[in-house]
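File shown: target16.txt (compact mmCIF, C-alpha atoms).
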# COMPACT_ATOMS: atom_id res chain seq x y z
CA MET A 8 -52.02 -102.01 54.79
CA SER A 9 -53.15 -104.29 52.02
CA LEU A 10 -56.12 -103.54 49.80
CA ASP A 11 -58.10 -106.15 47.92
CA LYS A 12 -59.94 -105.81 44.61
CA ASP A 13 -63.33 -105.24 46.26
CA THR A 14 -62.00 -102.36 48.36
CA VAL A 15 -60.41 -100.74 45.31
CA LYS A 16 -63.65 -101.21 43.38
CA ASN A 17 -65.55 -99.48 46.19
CA ILE A 18 -63.01 -96.63 46.33
CA ALA A 19 -63.33 -96.17 42.56
CA TYR A 20 -67.13 -96.12 42.88
CA LEU A 21 -67.00 -93.50 45.64
CA ALA A 22 -64.58 -91.39 43.58
CA ARG A 23 -66.80 -91.79 40.51
CA ILE A 24 -63.93 -93.32 38.55
CA ARG A 25 -64.54 -96.16 36.14
CA VAL A 26 -61.89 -98.87 36.53
CA ASP A 27 -61.93 -102.01 34.40
CA ASP A 28 -61.92 -105.31 36.30
CA GLU A 29 -58.55 -106.38 34.86
CA LYS A 30 -56.96 -103.18 36.23
CA LEU A 31 -58.26 -103.65 39.79
CA GLU A 32 -55.54 -106.06 40.91
CA PRO A 33 -52.55 -103.93 39.75
CA LEU A 34 -54.23 -100.82 41.15
CA ALA A 35 -54.74 -102.57 44.49
CA GLY A 36 -51.02 -103.30 44.62
CA GLU A 37 -50.09 -99.71 43.79
CA LEU A 38 -52.47 -98.26 46.36
CA SER A 39 -51.26 -100.72 48.99
CA SER A 40 -47.64 -99.68 48.42
CA ILE A 41 -48.62 -96.01 48.71
CA LEU A 42 -50.41 -96.70 51.99
CA ASP A 43 -47.37 -98.64 53.26
CA TRP A 44 -45.16 -95.65 52.45
CA ILE A 45 -47.55 -93.35 54.34
CA GLU A 46 -47.38 -95.69 57.34
CA GLN A 47 -43.58 -95.39 57.24
CA LEU A 48 -43.90 -91.59 57.31
CA GLN A 49 -46.10 -91.85 60.42
CA GLU A 50 -43.14 -93.38 62.28
CA LEU A 51 -41.01 -90.23 61.88
CA ASP A 52 -40.58 -87.95 64.88
CA THR A 53 -41.71 -84.49 63.76
CA ASP A 54 -41.89 -82.83 67.19
CA GLY A 55 -40.33 -79.40 67.03
CA VAL A 56 -40.38 -79.27 63.23
CA PRO A 57 -42.29 -76.19 62.08
CA PRO A 58 -44.77 -76.61 59.23
CA MET A 59 -43.58 -75.21 55.94
CA ALA A 60 -45.14 -74.34 52.62
CA SER A 61 -41.94 -74.77 50.61
CA VAL A 62 -38.51 -76.32 51.03
CA ALA A 63 -36.91 -73.05 49.94
CA ALA A 64 -37.01 -70.16 52.40
CA MET A 65 -38.43 -67.27 50.44
CA LYS A 66 -40.66 -64.29 50.93
CA LEU A 67 -43.26 -63.54 48.29
CA PRO A 68 -43.25 -60.03 46.88
CA GLN A 69 -46.27 -58.05 47.98
CA ARG A 70 -47.77 -54.87 46.68
CA LYS A 71 -49.29 -52.16 48.81
CA ASP A 72 -52.92 -52.83 49.64
CA VAL A 73 -54.45 -49.71 48.16
CA VAL A 74 -58.05 -49.46 46.96
CA THR A 75 -58.32 -47.89 43.52
CA ASP A 76 -60.95 -47.79 40.83
CA GLY A 77 -58.42 -49.01 38.29
CA ASN A 78 -58.88 -46.01 36.00
CA CYS A 79 -59.38 -48.29 33.02
CA ARG A 80 -63.17 -48.33 32.50
CA ASP A 81 -62.91 -47.59 28.81
CA ALA A 82 -60.40 -50.39 28.25
CA VAL A 83 -62.62 -52.86 30.10
CA LEU A 84 -65.74 -51.78 28.22
CA LYS A 85 -64.00 -52.51 24.91
CA ASN A 86 -64.67 -56.19 25.75
CA ALA A 87 -68.41 -55.60 26.15
CA PRO A 88 -70.58 -56.53 23.17
CA ASP A 89 -73.08 -53.69 23.76
CA PRO A 90 -72.00 -51.13 26.39
CA GLU A 91 -74.41 -48.35 27.30
CA ASP A 92 -73.57 -45.17 29.23
CA GLY A 93 -70.32 -46.66 30.56
CA PHE A 94 -71.92 -49.91 31.80
CA TYR A 95 -72.33 -53.48 30.58
CA THR A 96 -75.78 -54.33 29.27
CA VAL A 97 -77.25 -57.75 29.88
CA PRO A 98 -80.48 -59.33 28.69
CA LYS A 99 -83.44 -59.19 31.05
CA VAL A 100 -83.86 -62.51 32.86
CA VAL A 101 -86.83 -61.69 35.14
CA GLU A 102 -90.30 -61.35 33.75
Whole structure given in structure tokens:
Amino acid sequence: MSLDKDTVKNIAYLARIRVDDEKLEPLAGELSSILDWIEQLQELDTDGVPPMASVAAMKLPQRKDVVTDGNCRDAVLKNAPDPEDGFYTVPKVVE
């Protein structure tokens, strides 16, 4: 697939990217080569190939899903600028 300068300019506009006019032609060539490579990938037979998230077979470590209160209220409230009775205080925003 070959892209022209006007198509690249429209793509840049839709993506809200400012591209100078002198950079449109080289960018059109780069995007065209990327699209050609994607078309080559479409020709591969992937039937029977399971989807994968990584090329390395690994299992992520997991912790037990246990609900706790954290037991660290005092440590968290040290970050508050003006705690009151064990809670954060915030300015009133409703009149």
Residues within 12 Å of Thr14 of chain A, please, as a PDB file with C-alpha atoms, in the coordinates of the input. Count all atoms listed in the file; anything in the same chain fewer than 2 positions from it doesn't count.
ATOM      1  CA  MET A   8     -52.020-102.010  54.790  1.00  0.00           C
ATOM      2  CA  SER A   9     -53.150-104.290  52.020  1.00  0.00           C
ATOM      3  CA  LEU A  10     -56.120-103.540  49.800  1.00  0.00           C
ATOM      4  CA  ASP A  11     -58.100-106.150  47.920  1.00  0.00           C
ATOM      5  CA  LYS A  12     -59.940-105.810  44.610  1.00  0.00           C
ATOM      6  CA  LYS A  16     -63.650-101.210  43.380  1.00  0.00           C
ATOM      7  CA  ASN A  17     -65.550 -99.480  46.190  1.00  0.00           C
ATOM      8  CA  ILE A  18     -63.010 -96.630  46.330  1.00  0.00           C
ATOM      9  CA  ALA A  19     -63.330 -96.170  42.560  1.00  0.00           C
ATOM     10  CA  TYR A  20     -67.130 -96.120  42.880  1.00  0.00           C
ATOM     11  CA  LEU A  21     -67.000 -93.500  45.640  1.00  0.00           C
ATOM     12  CA  LEU A  31     -58.260-103.650  39.790  1.00  0.00           C
ATOM     13  CA  GLU A  32     -55.540-106.060  40.910  1.00  0.00           C
ATOM     14  CA  LEU A  34     -54.230-100.820  41.150  1.00  0.00           C
ATOM     15  CA  ALA A  35     -54.740-102.570  44.490  1.00  0.00           C
ATOM     16  CA  GLY A  36     -51.020-103.300  44.620  1.00  0.00           C
ATOM     17  CA  LEU A  38     -52.470 -98.260  46.360  1.00  0.00           C
ATOM     18  CA  SER A  39     -51.260-100.720  48.990  1.00  0.00           C
TER      19      SER A  39
END
*Quote the spacing between atom CA of Asp27 of chain A and atom CA of Asp13 of chain A in Å to one decimal place.*
12.4 Å
*To one decimal in Å, tell me the separation between atom CA of Val15 of chain A and atom CA of Ser40 of chain A.*
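Spanning atom CA of Val15 of chain A to atom CA of Ser40 of chain A is a straight-line distance of 13.2 Å.
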*asked:* Would you pick out the contacts of Arg80 of chain A at 10 Å or less, using all atoms listed in the file, so that residues sharing its chain but fewer than 4 positions from it are not included, and give the list as a PyMOL selection string?
replied: chain A and resi 76+84-85+93-94
*Could you check how far atom CA of Val97 of chain A sits from atom CA of Asp81 of chain A, in Å to one decimal?*
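Between atom CA of Val97 of chain A and atom CA of Asp81 of chain A the gap works out to 17.6 Å.
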*asked:* Taking 6 positions as the minimum chain separation for residues in the same chain, which residues sit within 12 Å of Thr96 of chain A when counting only C-alpha atoms? Answer as a PyMOL selection string.
replied: chain A and resi 84+86-90
